[in-house]
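Chemist: If it helps, the file is called work-v1.txt and holds compact mmCIF, C-alpha atoms and all ligand atoms:
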```txt
# COMPACT_ATOMS: atom_id res chain seq x y z
CA MET A 1 -34.05 12.72 1.27
CA ARG A 2 -36.37 9.82 0.38
CA ARG A 3 -36.51 9.15 -3.31
CA GLU A 4 -40.25 9.08 -3.85
CA TYR A 5 -40.76 10.48 -7.34
CA ALA A 6 -40.30 9.00 -10.81
CA ILE A 7 -40.03 10.85 -14.11
CA ALA A 8 -41.65 9.24 -17.17
CA VAL A 9 -41.03 10.03 -20.83
CA ASP A 10 -43.11 8.87 -23.80
CA VAL A 11 -41.29 9.38 -27.10
CA GLY A 12 -43.74 9.10 -30.00
CA ALA A 13 -43.45 9.98 -33.68
CA THR A 14 -46.15 12.62 -33.29
CA TRP A 15 -46.07 13.54 -29.59
CA LEU A 16 -43.50 13.79 -26.83
CA ARG A 17 -44.89 13.51 -23.32
CA VAL A 18 -43.23 13.77 -19.94
CA ALA A 19 -44.75 13.23 -16.50
CA LEU A 20 -43.89 13.21 -12.84
CA GLY A 21 -45.23 10.27 -10.86
CA ASP A 22 -45.39 9.71 -7.12
CA GLU A 23 -44.43 6.58 -5.20
CA LYS A 24 -47.89 5.07 -5.71
CA GLY A 25 -47.65 5.60 -9.46
CA LYS A 26 -50.08 8.52 -9.62
CA LEU A 27 -49.24 11.08 -12.33
CA LEU A 28 -48.88 14.45 -10.59
CA ALA A 29 -47.96 16.62 -13.58
CA LYS A 30 -47.79 16.13 -17.34
CA LEU A 31 -46.46 18.04 -20.32
CA SER A 32 -46.78 17.27 -24.02
CA GLN A 33 -45.46 18.76 -27.25
CA LYS A 34 -45.47 17.79 -30.91
CA THR A 35 -42.28 15.88 -31.73
CA ARG A 36 -39.84 17.96 -33.78
CA GLN A 37 -39.56 16.31 -37.17
CA LYS A 38 -36.92 18.68 -38.54
CA GLY A 39 -33.34 19.26 -37.58
CA ARG A 40 -29.84 18.20 -38.51
CA SER A 41 -29.83 15.13 -36.31
CA GLY A 42 -31.84 13.17 -33.79
CA GLU A 43 -30.33 15.34 -31.08
CA THR A 44 -33.03 17.88 -31.93
CA VAL A 45 -35.48 15.49 -30.29
CA THR A 46 -33.08 14.78 -27.39
CA GLU A 47 -32.84 18.51 -26.68
CA GLN A 48 -36.59 18.93 -26.87
CA VAL A 49 -37.07 16.13 -24.31
CA LEU A 50 -34.45 17.68 -22.01
CA ARG A 51 -36.14 21.10 -22.16
CA MET A 52 -39.53 19.56 -21.37
CA MET A 53 -38.07 17.62 -18.45
CA SER A 54 -36.36 20.63 -16.94
CA SER A 55 -39.62 22.57 -17.07
CA LEU A 56 -41.47 19.60 -15.50
CA VAL A 57 -39.10 19.31 -12.53
CA LYS A 58 -38.29 22.99 -11.99
CA ASP A 59 -39.95 23.03 -8.54
CA ILE A 60 -38.73 19.57 -7.51
CA ASP A 61 -35.58 18.70 -5.61
CA LEU A 62 -33.97 16.12 -7.90
CA SER A 63 -32.56 14.24 -4.91
CA SER A 64 -36.17 13.16 -4.24
CA VAL A 65 -36.40 11.52 -7.70
CA LYS A 66 -35.56 7.83 -8.02
CA GLY A 67 -34.99 7.79 -11.76
CA VAL A 68 -36.32 8.28 -15.27
CA GLY A 69 -38.32 5.67 -17.22
CA ILE A 70 -38.57 6.11 -20.99
CA GLY A 71 -41.01 4.35 -23.31
CA SER A 72 -40.05 5.07 -26.90
CA ILE A 73 -41.03 4.27 -30.45
CA GLY A 74 -38.78 1.60 -31.88
CA PRO A 75 -36.57 0.19 -32.94
CA ILE A 76 -34.45 0.91 -29.89
CA ASP A 77 -30.86 -0.06 -29.18
CA LEU A 78 -30.69 -0.91 -25.49
CA GLU A 79 -26.91 -0.92 -25.37
CA GLU A 80 -26.66 2.61 -26.81
CA GLY A 81 -29.84 3.81 -25.07
CA SER A 82 -31.08 5.23 -28.36
CA VAL A 83 -33.80 5.01 -30.99
CA VAL A 84 -32.24 3.77 -34.24
CA ASN A 85 -33.53 4.12 -37.82
CA SER A 86 -37.16 4.53 -36.83
CA PRO A 87 -39.35 4.31 -39.95
CA ASN A 88 -41.55 7.05 -38.46
CA LEU A 89 -38.94 9.73 -37.72
CA PRO A 90 -36.40 11.21 -40.16
CA PHE A 91 -33.35 10.61 -37.96
CA GLU A 92 -30.77 7.83 -37.96
CA GLN A 93 -30.34 7.92 -34.22
CA ILE A 94 -31.98 9.67 -31.27
CA PRO A 95 -29.77 9.44 -28.17
CA LEU A 96 -31.94 9.26 -25.04
CA ALA A 97 -30.61 7.42 -21.99
CA LYS A 98 -27.05 8.83 -21.85
CA PRO A 99 -27.77 12.57 -22.31
CA ILE A 100 -30.78 12.41 -19.96
CA SER A 101 -28.81 10.56 -17.31
CA SER A 102 -25.87 12.96 -17.46
CA GLU A 103 -28.09 16.07 -17.45
CA LEU A 104 -30.20 15.01 -14.43
CA GLU A 105 -27.61 12.75 -12.76
CA LEU A 106 -30.24 10.02 -12.39
CA PRO A 107 -30.50 6.38 -13.52
CA VAL A 108 -32.46 5.98 -16.75
CA TRP A 109 -34.44 2.95 -17.93
CA LEU A 110 -35.34 2.60 -21.60
CA LEU A 111 -38.10 0.35 -22.94
CA ASN A 112 -39.92 0.20 -26.21
CA ASP A 113 -43.22 2.07 -25.84
CA CYS A 114 -45.45 -1.01 -25.86
CA ALA A 115 -43.24 -2.88 -23.38
CA ALA A 116 -43.56 0.19 -21.14
CA ALA A 117 -47.32 0.25 -21.75
CA VAL A 118 -47.91 -3.37 -20.77
CA LEU A 119 -45.78 -2.79 -17.69
CA GLY A 120 -47.94 0.23 -16.80
CA GLU A 121 -51.07 -1.91 -17.21
CA TRP A 122 -49.54 -4.72 -15.13
CA LYS A 123 -48.34 -2.65 -12.18
CA LEU A 124 -50.74 0.33 -12.18
CA GLY A 125 -53.78 -0.66 -14.26
CA ALA A 126 -56.18 -3.51 -15.01
CA GLY A 127 -53.38 -6.11 -15.00
CA ARG A 128 -52.52 -5.84 -11.29
CA GLY A 129 -52.10 -9.29 -9.78
CA LEU A 130 -52.15 -11.13 -13.14
CA GLU A 131 -49.29 -13.29 -14.38
CA ASN A 132 -50.05 -13.15 -18.11
CA LEU A 133 -51.27 -10.16 -20.07
CA VAL A 134 -50.83 -8.48 -23.41
CA TYR A 135 -51.23 -4.88 -24.54
CA VAL A 136 -52.02 -4.02 -28.17
CA THR A 137 -51.88 -0.51 -29.60
CA LEU A 138 -53.80 0.41 -32.74
CA SER A 139 -52.23 3.77 -33.40
CA THR A 140 -50.21 5.35 -36.25
CA GLY A 141 -48.62 1.89 -36.27
CA ILE A 142 -49.55 -1.36 -34.52
CA GLY A 143 -47.47 -2.68 -31.65
CA GLY A 144 -47.63 -4.87 -28.59
CA GLY A 145 -46.19 -5.68 -25.21
CA ALA A 146 -46.44 -8.91 -23.26
CA VAL A 147 -46.01 -10.20 -19.72
CA VAL A 148 -45.63 -14.00 -19.69
CA ASN A 149 -45.42 -15.95 -16.40
CA ASN A 150 -44.66 -12.74 -14.49
CA ARG A 151 -41.85 -11.71 -16.88
CA LEU A 152 -41.91 -8.63 -19.05
CA LEU A 153 -40.76 -9.67 -22.54
CA ILE A 154 -37.92 -7.43 -23.74
CA GLY A 155 -35.93 -9.24 -26.45
CA LYS A 156 -32.21 -9.10 -27.25
CA SER A 157 -32.17 -5.39 -28.11
CA GLY A 158 -35.47 -4.27 -26.61
CA ASN A 159 -37.75 -4.89 -29.59
CA ALA A 160 -39.74 -8.01 -28.70
CA VAL A 161 -43.45 -8.42 -29.58
CA GLU A 162 -43.41 -6.57 -32.94
CA ILE A 163 -46.91 -7.80 -33.68
CA GLY A 164 -47.70 -5.12 -36.29
CA HIS A 165 -45.75 -7.23 -38.77
CA LEU A 166 -47.77 -10.42 -38.31
CA VAL A 167 -49.14 -11.55 -41.66
CA VAL A 168 -52.94 -11.24 -41.73
CA ASP A 169 -53.40 -11.52 -45.51
CA VAL A 170 -51.30 -14.11 -47.35
CA ASN A 171 -52.51 -12.76 -50.70
CA GLY A 172 -51.70 -9.30 -49.41
CA SER A 173 -51.58 -6.49 -51.88
CA LEU A 174 -50.85 -3.70 -49.40
CA ARG A 175 -47.22 -3.02 -48.55
CA CYS A 176 -46.10 -2.26 -44.99
CA GLY A 177 -43.69 0.54 -44.01
CA CYS A 178 -41.15 -2.25 -43.33
CA GLY A 179 -41.42 -3.45 -46.94
CA GLY A 180 -43.40 -6.64 -46.24
CA LEU A 181 -46.70 -7.59 -47.89
CA GLY A 182 -49.87 -8.48 -46.02
CA HIS A 183 -48.70 -7.25 -42.60
CA TRP A 184 -51.39 -6.31 -40.04
CA GLU A 185 -50.02 -2.75 -39.77
CA ALA A 186 -50.31 -2.24 -43.55
CA TYR A 187 -54.10 -2.66 -43.25
CA CYS A 188 -55.34 -1.58 -39.84
CA SER A 189 -52.98 1.09 -38.44
CA GLY A 190 -53.99 4.75 -38.42
CA ALA A 191 -51.39 5.56 -41.06
CA ASN A 192 -52.48 2.77 -43.42
CA LEU A 193 -56.24 2.44 -42.91
CA PRO A 194 -56.91 4.93 -45.74
CA ASN A 195 -55.10 2.57 -48.17
CA PHE A 196 -57.26 -0.35 -47.09
CA ILE A 197 -60.48 1.68 -47.22
CA LYS A 198 -59.64 2.85 -50.76
CA LEU A 199 -58.95 -0.73 -51.81
CA GLN A 200 -62.34 -1.83 -50.45
CA LEU A 201 -64.18 1.06 -52.11
CA GLU A 202 -62.52 0.31 -55.44
CA GLU A 203 -63.56 -3.34 -55.18
CA MET A 204 -67.17 -2.30 -54.52
CA GLY A 205 -67.08 -0.15 -57.65
CA GLU A 206 -70.00 2.05 -58.70
CA ARG A 207 -72.35 1.10 -55.89
CA ALA A 208 -70.01 2.64 -53.32
CA LYS A 209 -70.12 6.02 -54.99
CA ASP A 210 -73.44 7.14 -53.44
CA SER A 211 -72.25 6.34 -49.92
CA LEU A 212 -71.77 8.84 -47.12
CA ILE A 213 -68.07 8.03 -46.87
CA PHE A 214 -67.56 9.26 -50.45
CA LYS A 215 -69.35 12.51 -49.59
CA LEU A 216 -67.31 13.00 -46.40
CA ALA A 217 -64.11 12.60 -48.45
CA GLY A 218 -65.39 15.36 -50.77
CA ASP A 219 -65.99 12.83 -53.59
CA ASP A 220 -62.21 12.53 -53.91
CA LEU A 221 -60.54 9.39 -52.57
CA THR A 222 -57.13 11.04 -52.40
CA ASN A 223 -58.51 13.08 -49.46
CA LEU A 224 -59.96 10.07 -47.67
CA THR A 225 -59.11 9.72 -43.97
CA ALA A 226 -59.79 7.02 -41.38
CA GLU A 227 -62.11 9.51 -39.60
CA ASN A 228 -64.30 9.67 -42.73
CA LEU A 229 -64.89 5.95 -42.37
CA PHE A 230 -65.65 6.04 -38.64
CA ASP A 231 -67.92 9.10 -38.97
CA ALA A 232 -69.86 7.52 -41.83
CA ALA A 233 -70.15 4.19 -40.00
CA LYS A 234 -71.44 5.92 -36.86
CA ALA A 235 -74.11 7.55 -39.04
CA GLY A 236 -75.16 4.07 -40.25
CA ASP A 237 -73.65 4.22 -43.78
CA LYS A 238 -73.94 0.64 -45.12
CA VAL A 239 -70.82 0.74 -47.28
CA SER A 240 -68.76 1.96 -44.32
CA LEU A 241 -70.21 -0.68 -41.99
CA ARG A 242 -69.20 -3.34 -44.50
CA ILE A 243 -65.65 -2.02 -44.52
CA ILE A 244 -65.71 -1.98 -40.70
CA GLU A 245 -66.57 -5.71 -40.85
CA GLU A 246 -63.59 -6.34 -43.17
CA ILE A 247 -61.29 -4.44 -40.78
CA GLY A 248 -62.77 -6.54 -37.96
CA LYS A 249 -61.80 -9.76 -39.78
CA LEU A 250 -58.19 -8.62 -40.15
CA ASN A 251 -57.99 -7.33 -36.58
CA ALA A 252 -59.46 -10.61 -35.33
CA ALA A 253 -56.73 -12.52 -37.21
CA GLY A 254 -54.09 -10.29 -35.59
CA PHE A 255 -55.55 -10.56 -32.08
CA ALA A 256 -56.05 -14.33 -32.41
CA SER A 257 -52.39 -14.84 -33.37
CA VAL A 258 -51.26 -12.72 -30.43
CA ILE A 259 -53.53 -14.66 -28.04
CA ASN A 260 -52.43 -18.04 -29.44
CA VAL A 261 -48.75 -17.10 -29.02
CA TYR A 262 -48.78 -15.55 -25.53
CA ASP A 263 -51.78 -17.24 -23.84
CA PRO A 264 -52.76 -14.16 -21.77
CA SER A 265 -55.68 -13.90 -19.36
CA LEU A 266 -56.16 -10.22 -20.25
CA VAL A 267 -55.63 -8.24 -23.46
CA THR A 268 -55.94 -4.47 -23.16
CA VAL A 269 -56.10 -2.26 -26.21
CA GLY A 270 -55.05 1.35 -26.68
CA GLY A 271 -53.92 3.76 -29.40
CA ALA A 272 -56.07 6.48 -30.96
CA ILE A 273 -57.86 4.18 -33.44
CA ALA A 274 -59.15 1.95 -30.63
CA LEU A 275 -59.61 4.64 -27.97
CA GLU A 276 -61.72 6.83 -30.27
CA ASN A 277 -63.78 4.02 -31.82
CA PRO A 278 -63.96 1.31 -29.17
CA GLU A 279 -67.19 -0.30 -30.39
CA LEU A 280 -66.51 -0.19 -34.14
CA ILE A 281 -63.04 -1.63 -33.63
CA LEU A 282 -63.37 -4.07 -30.72
CA GLU A 283 -66.87 -5.55 -31.11
CA PRO A 284 -66.09 -7.21 -34.48
CA VAL A 285 -62.87 -8.57 -32.97
CA LYS A 286 -64.66 -10.05 -29.95
CA LYS A 287 -67.29 -11.58 -32.23
CA ARG A 288 -64.79 -13.32 -34.53
CA VAL A 289 -61.79 -14.10 -32.39
CA LYS A 290 -63.48 -17.05 -30.61
CA GLU A 291 -63.35 -19.13 -33.78
CA LEU A 292 -59.64 -18.48 -34.22
CA VAL A 293 -58.26 -18.97 -30.72
CA ILE A 294 -57.15 -22.29 -29.35
CA GLY A 295 -57.67 -22.54 -25.61
CA GLU A 296 -59.57 -20.30 -23.25
CA LEU A 297 -60.45 -16.82 -24.47
CA PRO A 298 -58.95 -13.94 -22.46
CA ARG A 299 -60.80 -10.76 -21.50
CA ILE A 300 -60.34 -8.16 -24.26
CA GLU A 301 -60.95 -4.53 -23.27
CA VAL A 302 -59.94 -0.96 -23.97
CA THR A 303 -57.29 0.23 -21.51
CA LYS A 304 -58.55 2.58 -18.82
CA LEU A 305 -55.10 4.21 -18.72
CA GLY A 306 -55.91 5.77 -22.11
CA ARG A 307 -53.23 7.86 -23.79
CA ASP A 308 -51.15 7.94 -20.62
CA ILE A 309 -50.45 4.21 -20.60
CA THR A 310 -46.80 4.55 -21.73
CA LEU A 311 -46.22 7.25 -19.09
CA TYR A 312 -47.58 4.90 -16.43
CA GLY A 313 -45.10 2.34 -17.73
CA GLY A 314 -42.24 4.83 -17.42
CA VAL A 315 -43.17 5.44 -13.79
CA ALA A 316 -43.66 1.71 -13.15
CA VAL A 317 -40.21 0.70 -14.44
CA VAL A 318 -38.57 3.16 -12.04
CA LEU A 319 -40.70 2.13 -9.04
CA HIS A 320 -40.56 -1.63 -9.64
CA SER A 321 -37.14 -2.10 -11.28
CA GLU A 322 -35.75 -4.21 -8.43
CA GLU A 323 -38.56 -6.79 -8.28
CA LEU A 324 -38.55 -6.89 -12.10
CA GLY A 325 -34.80 -7.41 -12.22
CA LEU A 326 -34.43 -4.60 -14.76
CA SER A 327 -31.19 -2.65 -14.49
CA PRO A 328 -31.05 0.91 -15.73
CA CYS A 329 -29.69 1.55 -19.21
CA VAL A 330 -27.36 4.16 -17.68
CA GLY A 331 -26.71 5.26 -14.10
ZN ZN E 1 -44.32 -4.78 -41.68
```
Is it possible to express this structure as structure tokens?

Modeler:
Amino acid sequence: MRREYAIAVDVGATWLRVALGDEKGKLLAKLSQKTRQKGRSGETVTEQVLRMMSSLVKDIDLSSVKGVGIGSIGPIDLEEGSVVNSPNLPFEQIPLAKPISSELELPVWLLNDCAAAVLGEWKLGAGRGLENLVYVTLSTGIGGGAVVNNRLLIGKSGNAVEIGHLVVDVNGSLRCGCGGLGHWEAYCSGANLPNFIKLQLEEMGERAKDSLIFKLAGDDLTNLTAENLFDAAKAGDKVSLRIIEEIGKLNAAGFASVINVYDPSLVTVGGAIALENPELILEPVKKRVKELVIGELPRIEVTKLGRDITLYGGVAVVLHSEELGLSPCVG
């Protein structure tokens, strides 16, 4: 039988997604579940992925499937085919490639989620035909993937392009999940935006207290969420719009560094923070980044592949592995 299908897996700290793609890269079926955060070991997550996959392919003859492409939160260990010591999941190791390959008897490719995402954009999205592009996710964390001169950047163990830990504030007072000070992710990621917003509100002092954002947080900053800021800004709250400008400055510093390093002709942006607030997040970046970039400015746009971008990458690595020169992790 012709092997025309590809299975994609997106392992996130909050969500697990699996999908079946056809030979043109179209997603035919998708399943998602909240990632299990409890259990004795990372195998809890492995088993959850296996159950989701078997339900996804129950009506499919596996001999028509070419392989499985996984995009996963990092750090990953390519040799082991696992996620290791992820700061966002309470497990030392989550085995992925080996158990999936032996259960389905198929080759398995493993990439970090943003490497998968930029590959999805390159082969199946807005990056088709380009030689240089970058993907940036503004999500729970901040991450990136890059294609440079027609090569997907992978790194020695699969963790290249960790742009969330670029320094955007040398006098940084906010600490990143990795322990560093002043890192982009410590300010502008979904998990850490509330810290930055609180810092800004504290600096503004009394005059911030009558603002809509304070009301939306129930007059109690311990309850403050990133949504409070975006909702208040959309309603025209001046204090919130000022904070949006400050976030824009930091994001512009991050994007400018990424552009200066990789020299892409396209930057696409995804992750819930950007996908849900494209104007508030991207317009300030586009306005400021010009002054910070050496060389020609690339197009910067929200990805049209949306939340499925990593799944598209999982399908793309299976379909295009030969031309990419990427061998499976197992199989
Ligand atoms: Zn960091």

Chemist: Would you mind listing the residues within 10 Å of ligand ZN 1 (chain E), counting only C-alpha atoms and all ligand atoms, as number ranges by chain?

Modeler: A: 141-142, 162-167, 175-186

Chemist: Which is closer to Val136 (chain A) than all the others in A:Leu28, A:Cys114, A:Ala208, A:Ala256, using all atoms listed in the file?

Modeler: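 That would be A:Cys114, the residue with the smallest distance to Val136 (chain A).
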
Chemist: CA of Asn228 (chain A) and CA of Gln33 (chain A), how far apart in Å?

Modeler: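 So the two atoms, CA of Gln33 (chain A) and CA of Asn228 (chain A), lie 26.0 Å apart.
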
Chemist: Between CA of Ser86 (chain A) and CA of Val68 (chain A), what is the spacing in Å?

Modeler: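 We find that CA of Val68 (chain A) and CA of Ser86 (chain A) lie 21.9 Å from each other.
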
Chemist: Go through region 102-208 of chain A residue by residue and, counting all atoms listed in the file, keep those with an atom at most 9 Å from region 293-313 of chain A; for each kept residue give the shortest atom pair and its distance in Å to one decimal, ordered by chain and increasing number, as CSV.

Modeler:
```
residue,atom,partner,partner_atom,distance
A:Leu111,CA,A:Gly313,CA,9.0
A:Asp113,CA,A:Thr310,CA,6.0
A:Cys114,CA,A:Thr310,CA,7.1
A:Ala115,CA,A:Gly313,CA,7.9
A:Ala116,CA,A:Gly313,CA,4.3
A:Ala117,CA,A:Thr310,CA,4.3
A:Val118,CA,A:Gly313,CA,7.1
A:Leu119,CA,A:Gly313,CA,5.2
A:Gly120,CA,A:Gly313,CA,3.7
A:Glu121,CA,A:Ile309,CA,7.0
A:Trp122,CA,A:Gly313,CA,8.7
A:Lys123,CA,A:Gly313,CA,8.1
A:Leu124,CA,A:Tyr312,CA,7.0
A:Gly125,CA,A:Leu305,CA,6.7
A:Ala126,CA,A:Lys304,CA,7.6
A:Leu133,CA,A:Pro298,CA,8.9
A:Tyr135,CA,A:Thr303,CA,8.5
```

Chemist: As a CSV table (one decimal) with C-alpha atoms, in the coordinates of the input, please: the residues near Ile247 (chain A) (cut-off 10 Å, only C-alpha atoms, same-chain neighbours under 2 positions excluded).

Modeler:
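As written to disk, part_5.csv reads:
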```csv
chain,number,residue,atom,x,y,z
A,187,TYR,CA,-54.1,-2.7,-43.2
A,188,CYS,CA,-55.3,-1.6,-39.8
A,193,LEU,CA,-56.2,2.4,-42.9
A,196,PHE,CA,-57.3,-0.4,-47.1
A,197,ILE,CA,-60.5,1.7,-47.2
A,241,LEU,CA,-70.2,-0.7,-42.0
A,242,ARG,CA,-69.2,-3.3,-44.5
A,243,ILE,CA,-65.6,-2.0,-44.5
A,244,ILE,CA,-65.7,-2.0,-40.7
A,245,GLU,CA,-66.6,-5.7,-40.8
A,249,LYS,CA,-61.8,-9.8,-39.8
A,250,LEU,CA,-58.2,-8.6,-40.2
A,251,ASN,CA,-58.0,-7.3,-36.6
A,252,ALA,CA,-59.5,-10.6,-35.3
A,253,ALA,CA,-56.7,-12.5,-37.2
A,280,LEU,CA,-66.5,-0.2,-34.1
A,281,ILE,CA,-63.0,-1.6,-33.6
A,284,PRO,CA,-66.1,-7.2,-34.5
A,285,VAL,CA,-62.9,-8.6,-33.0
```

Chemist: Work out how far CA of Asn192 (chain A) is from CA of Asn223 (chain A), in Å to one decimal.

Modeler: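 Result for CA of Asn223 (chain A) versus CA of Asn192 (chain A): 13.4 Å, one decimal.
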
Chemist: Please return the centre and edge lengths, in Å to one decimal, of a box with edges along x, y and z that contains all listed atoms of region 190-199 of chain A, widened by 4 Å on every side, as JSON.

Modeler:
```
{"center_x": -55.9, "center_y": 2.4, "center_z": -45.1, "size_x": 17.1, "size_y": 14.3, "size_z": 21.4}
```

Chemist: Check the smallest atom-to-atom distance from each of A:Ser240, A:Gln200, A:Thr225, A:Asn112 to Leu212 (chain A) using all atoms listed in the file, then report the winner.

Modeler: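 That would be A:Ser240, the residue with the smallest distance to Leu212 (chain A).
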
Chemist: Find the residues near Gly12 (chain A): any atom within 9 Å, counting all atoms listed in the file, skip ones fewer than 5 places away on the same chain, and give them as a PyMOL selection string.

Modeler: chain A and resi 17+34-35+71-73+88+113

Chemist: Can you write just those residues out, C-alpha atoms, as a compact mmCIF listing (two decimals), keeping the file's coordinate frame?

Modeler:
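What follows is the written file result-v7.txt:
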```txt
# COMPACT_ATOMS: atom_id res chain seq x y z
CA ARG A 17 -44.89 13.51 -23.32
CA LYS A 34 -45.47 17.79 -30.91
CA THR A 35 -42.28 15.88 -31.73
CA GLY A 71 -41.01 4.35 -23.31
CA SER A 72 -40.05 5.07 -26.90
CA ILE A 73 -41.03 4.27 -30.45
CA ASN A 88 -41.55 7.05 -38.46
CA ASP A 113 -43.22 2.07 -25.84
```

Chemist: Please determine, counting all atoms listed in the file, which residue among A:Leu20, A:Val11, A:Val84, A:Ile154 has the shortest atom-to-atom distance to Gly325 (chain A).

Modeler: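 Checking each of A:Leu20, A:Val11, A:Val84, A:Ile154 against Gly325 (chain A), counting all atoms listed in the file, the winner is A:Ile154.
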
Chemist: Give the answer as one residue: which of A:Leu89, A:Ala160, A:Ile100, A:Ile259 has the shortest atom-to-atom distance to Lys38 (chain A), using all atoms listed in the file?

Modeler: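 Of A:Leu89, A:Ala160, A:Ile100, A:Ile259, the one nearest Lys38 (chain A), counting all atoms listed in the file, is A:Leu89.
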
Chemist: Rank A:Asn277, A:Ser327, A:Ser265, A:Ser54 by their smallest atom-to-atom distance to Val147 (chain A), using all atoms listed in the file, and report the top residue only.

Modeler: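 Of the candidates, the smallest distance to Val147 (chain A) is held by A:Ser265.
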
Chemist: With all atoms listed in the file as the atoms that count, which of A:Gly205, A:Gly190, A:Gly81, A:Gly331 lies nearest to Glu276 (chain A)?

Modeler: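 Selected residue with least distance to Glu276 (chain A): A:Gly190.
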
Chemist: Mind listing whatever residues come within 12 Å of the point (-42.7, -12.7, -20.1)? Use only C-alpha atoms, file coordinates, and give them as an NGL selection string.

Modeler: :A and (115 or 118-119 or 122 or 130-134 or 145-155 or 160-161 or 261-264 or 324)

Chemist: What's around Val318 (chain A) at 8 Å? Count all atoms listed in the file, leave out sequence neighbours fewer than 2 positions away in its own chain, and write the answer as an mmCIF file with C-alpha atoms, keeping the file's coordinate frame.

Modeler:
```
data_model
loop_
_atom_site.group_PDB
_atom_site.id
_atom_site.type_symbol
_atom_site.label_atom_id
_atom_site.label_comp_id
_atom_site.auth_asym_id
_atom_site.auth_seq_id
_atom_site.Cartn_x
_atom_site.Cartn_y
_atom_site.Cartn_z
ATOM 1 C CA ALA A 6 -40.300 9.000 -10.810
ATOM 2 C CA LYS A 66 -35.560 7.830 -8.020
ATOM 3 C CA GLY A 67 -34.990 7.790 -11.760
ATOM 4 C CA VAL A 68 -36.320 8.280 -15.270
ATOM 5 C CA GLY A 69 -38.320 5.670 -17.220
ATOM 6 C CA TRP A 109 -34.440 2.950 -17.930
ATOM 7 C CA GLY A 314 -42.240 4.830 -17.420
ATOM 8 C CA VAL A 315 -43.170 5.440 -13.790
ATOM 9 C CA ALA A 316 -43.660 1.710 -13.150
ATOM 10 C CA HIS A 320 -40.560 -1.630 -9.640
ATOM 11 C CA SER A 321 -37.140 -2.100 -11.280
#
```

Chemist: Kindly reconstruct region 232-244 of chain A with N, CA and C atoms and present the result as a compact mmCIF listing (two decimals), keeping the file's coordinate frame.

Modeler:
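So the final result, stored in part33.txt, reads:
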```txt
# COMPACT_ATOMS: atom_id res chain seq x y z
N ALA A 232 -68.79 8.05 -40.98
CA ALA A 232 -69.86 7.52 -41.83
C ALA A 232 -70.47 6.26 -41.20
N ALA A 233 -69.64 5.42 -40.62
CA ALA A 233 -70.15 4.19 -40.00
C ALA A 233 -71.04 4.52 -38.81
N LYS A 234 -70.63 5.52 -38.02
CA LYS A 234 -71.44 5.92 -36.86
C LYS A 234 -72.79 6.47 -37.30
N ALA A 235 -72.84 7.04 -38.52
CA ALA A 235 -74.11 7.55 -39.04
C ALA A 235 -74.92 6.45 -39.73
N GLY A 236 -74.41 5.20 -39.72
CA GLY A 236 -75.16 4.07 -40.25
C GLY A 236 -74.93 3.81 -41.74
N ASP A 237 -73.95 4.43 -42.35
CA ASP A 237 -73.65 4.22 -43.78
C ASP A 237 -73.30 2.75 -44.04
N LYS A 238 -74.09 2.10 -44.92
CA LYS A 238 -73.94 0.64 -45.12
C LYS A 238 -72.58 0.25 -45.69
N VAL A 239 -72.11 1.03 -46.66
CA VAL A 239 -70.82 0.74 -47.28
C VAL A 239 -69.72 0.79 -46.21
N SER A 240 -69.79 1.81 -45.36
CA SER A 240 -68.76 1.96 -44.32
C SER A 240 -68.84 0.82 -43.30
N LEU A 241 -70.06 0.42 -42.96
CA LEU A 241 -70.21 -0.68 -41.99
C LEU A 241 -69.66 -1.98 -42.57
N ARG A 242 -69.77 -2.14 -43.89
CA ARG A 242 -69.20 -3.34 -44.50
C ARG A 242 -67.67 -3.32 -44.42
N ILE A 243 -67.12 -2.14 -44.62
CA ILE A 243 -65.65 -2.02 -44.52
C ILE A 243 -65.20 -2.25 -43.06
N ILE A 244 -66.00 -1.74 -42.13
CA ILE A 244 -65.71 -1.98 -40.70
C ILE A 244 -65.66 -3.48 -40.42
```
